[in-house]
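Engineer: Before I ask anything, here is the structure I am working with.
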Amino acid sequence: MAGPHDWHKWGPGGRGSCRIMATPARQEPRSPTIFYLIMIKSYCVRPRILLIRETMRVTQLWQTLLLTLLTLNAITLGSRGNAEEEVAPTLLAPNGIVRLLDGNLLISDIESNRILQLDATGRLTFWGGTGQASFSGDGKHVSKAAFNAPNDLKLDAAHNAVLIADSNNHRIRKVDLATLTITTVAGSGASEWSGDHGPAIQAGLNNPQGIAVDPLGNLLVADTYNHIVRRIGIDGIITTVAGSAAGLSGDGGPAASAQISLPTAVAFGSDNLSFYISDSGNSRIRHVSSDGIMETVCGIGKGSDDAGAGFSGDGDLATKAKILSALDLAVASPNFFYFSDSGNHRIRCVVHGIVLSVAGSGHPSAAAKKLANADKVESIPTLFVPAKIAIAPDGGLYFCDRGNRTIRLLTKDGKVEALFIRPVSATVPSDLEIRKPEKQDSK
């Protein structure tokens, strides 16, 4: 008699795949036929339970199952949610956020490989991406494009286009807001450090996760798994402006000679010449002055396994505080910036060198429990891996509460409001974690 079959993953891996479990349901007396209950857990369709007959050969079971799945259009191998008629707009892992001039928010979802739009009424709609974890669509409407873990979102200098860090495609892409046509502006698709002093579109990037734009249109890119920050001038030429290798060194010296680790975000200073880096692997925020000198401005950490990373310091000097893997930062004014202290499940800020927590209790387990059991998700008091942030026109702060599948606004008077909450009844993936890019260090 055939035994139970464990979870099987269709597609290239856990993210973007269907998981299938087959368990013997019953065996008819005096018959070699076994009926299997097939439970399909998919991010692209509702869970289904099928009853399939196996006649002594396990391979026939899987052949029948595969044919049935394809007939139901339940999966496309290696992708998630290709057909919008099968998928209602929702959030799986909201990560990047940007506010358009009309007041609508665009949100990147690194699990569904889509860009979604949230309007002022709380209505969520598909905006870009097919749901396939791949690369395609340049020169076409953004709805026809394929992304692979789309990450940070920013408006260009003229506010006429949206820039997208298409992280696992190792590219920076741009969508013209007039035509909604998508193109690539940086990255050849090769996960490598290459192309300095040449056209950005021919350069190698490695899982870029952060973008910054100055008023002239120059870009900064957190080239995360190359452990560097790149600059793309308005002439399209790319150079490295911070970082030389993975590590922690260089404070007080030239930024291009310093070592940083897994930079996940960049932001121009108020002078639009200096810039900040979330040196996430070192659990620090670092600053590069207008003359190119690197300094640490927040955090004493050097990675999550060392004593310097963690949580401490509220109300004290930021250079004495502990933070943990900040995924984003945003400059509000001179001597004032916010950052998502993601590993500590908080939003914090630094004002005139003093660090403060402004949102989040730091206890994600409570949020996860309520997400699973509460009748009203509005009762969740905590944040769970806050990701990218964006300053609102009135001085508030939009942010993606990624683990809670929620979009929130920190108002200018310090209140936290939920703008969109994923319904409790929706199927929730189990892999709630700070996501690591698929490609590893190329050095």
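If you're wondering about the labels, chains in the structure tokens are A, B, ... by order shown, residues count from 1 in each chain, ligands from 1 in order shown.
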Residues at most 10 Å from segment 240-248 of chain A, counting only C-alpha atoms, excluding those fewer than 6 positions away in the same chain, as a short mmCIF file (atom, residue, chain, number, x, y, z; two decimals) with C-alpha atoms, in the first residue's frame?
Structural biologist:
data_model
loop_
_atom_site.label_atom_id
_atom_site.label_comp_id
_atom_site.auth_asym_id
_atom_site.auth_seq_id
_atom_site.Cartn_x
_atom_site.Cartn_y
_atom_site.Cartn_z
CA TRP A 193 29.29 44.24 -10.02
CA SER A 194 30.21 45.62 -13.39
CA GLY A 195 29.81 48.57 -15.74
CA ASP A 196 31.16 51.53 -13.76
CA HIS A 197 31.75 54.62 -15.93
CA LEU A 220 21.23 56.60 -6.13
CA VAL A 221 20.80 52.83 -6.03
CA ALA A 222 21.37 50.57 -3.04
CA ASP A 223 23.09 47.72 -4.90
CA TYR A 225 24.21 42.19 -2.70
CA ASN A 226 27.17 43.98 -4.22
CA HIS A 227 27.43 45.84 -0.87
CA ILE A 228 27.78 49.20 -2.60
CA VAL A 229 25.82 52.33 -3.54
CA ARG A 230 25.75 53.36 -7.20
CA ARG A 231 25.03 56.76 -8.75
CA ILE A 232 23.33 57.12 -12.13
CA PRO A 254 36.27 58.36 1.61
CA ALA A 255 32.94 56.58 1.17
CA ALA A 256 34.14 54.83 -1.98
CA SER A 257 36.86 53.10 0.06
CA ALA A 258 34.63 52.18 2.99
CA GLN A 259 33.08 48.79 3.63
CA ILE A 260 29.33 48.39 4.01
CA SER A 261 27.11 45.33 4.20
CA LEU A 262 23.76 44.74 2.51
CA PRO A 263 22.65 48.33 1.97
CA ILE A 277 22.59 54.67 3.66
CA ASP A 279 23.81 49.73 6.17
CA GLY A 281 23.97 44.10 7.42
CA ASN A 282 25.83 46.21 9.97
CA ARG A 284 23.69 51.08 11.20
CA VAL A 288 28.08 60.42 3.22
CA GLY A 292 32.34 62.12 0.07
CA ILE A 293 33.28 61.34 3.69
CA MET A 294 31.54 58.44 5.44
CA GLY A 301 25.84 47.23 15.46
CA LYS A 302 27.80 44.91 13.26
CA GLY A 303 25.30 42.27 12.21
CA ASP A 441 27.09 37.89 -3.21
CA LYS A 443 32.23 38.69 -5.27
#
Engineer: Can you pull out every residue within 8 Å of segment 211-216 of chain A, counting only C-alpha atoms, but drop anything in the same chain fewer than 3 positions away, and send it as a JSON list (two decimals) with C-alpha atoms, in the first residue's frame?
Structural biologist:
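Writing the result to out-v7.json gives the following:
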[["chain", "number", "residue", "atom", "x", "y", "z"],
["A", 152, "ASP", "CA", 11.44, 50.08, -3.67],
["A", 153, "LEU", "CA", 9.28, 52.61, -5.55],
["A", 154, "LYS", "CA", 10.10, 56.27, -6.19],
["A", 155, "LEU", "CA", 8.80, 59.09, -8.38],
["A", 156, "ASP", "CA", 11.31, 60.57, -10.82],
["A", 157, "ALA", "CA", 12.40, 64.20, -10.46],
["A", 158, "ALA", "CA", 9.62, 65.52, -12.71],
["A", 163, "LEU", "CA", 11.01, 54.02, -10.70],
["A", 165, "ALA", "CA", 13.76, 48.38, -7.97],
["A", 219, "LEU", "CA", 19.67, 58.47, -9.01],
["A", 220, "LEU", "CA", 21.23, 56.60, -6.13],
["A", 221, "VAL", "CA", 20.80, 52.83, -6.03],
["A", 222, "ALA", "CA", 21.37, 50.57, -3.04],
["A", 234, "ILE", "CA", 21.21, 62.29, -15.85],
["A", 265, "ALA", "CA", 18.01, 51.92, 1.30],
["A", 266, "VAL", "CA", 19.45, 55.27, 0.29],
["A", 267, "ALA", "CA", 18.12, 58.81, 0.68],
["A", 268, "PHE", "CA", 19.46, 62.18, -0.37],
["A", 272, "ASN", "CA", 20.61, 67.01, -2.29]]
Engineer: Work out how far apart atom CA of Thr406 of chain A and atom CA of Cys349 of chain A are and give it in Å to one decimal.
Structural biologist: 20.7 Å
Engineer: Please determine, counting only C-alpha atoms, which residue among A:Ile347, A:Trp127, A:Gly313, A:Arg171 has the shortest atom-to-atom distance to Asn148 of chain A.
Structural biologist: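 Of the candidates, the smallest distance to Asn148 of chain A is held by A:Arg171.
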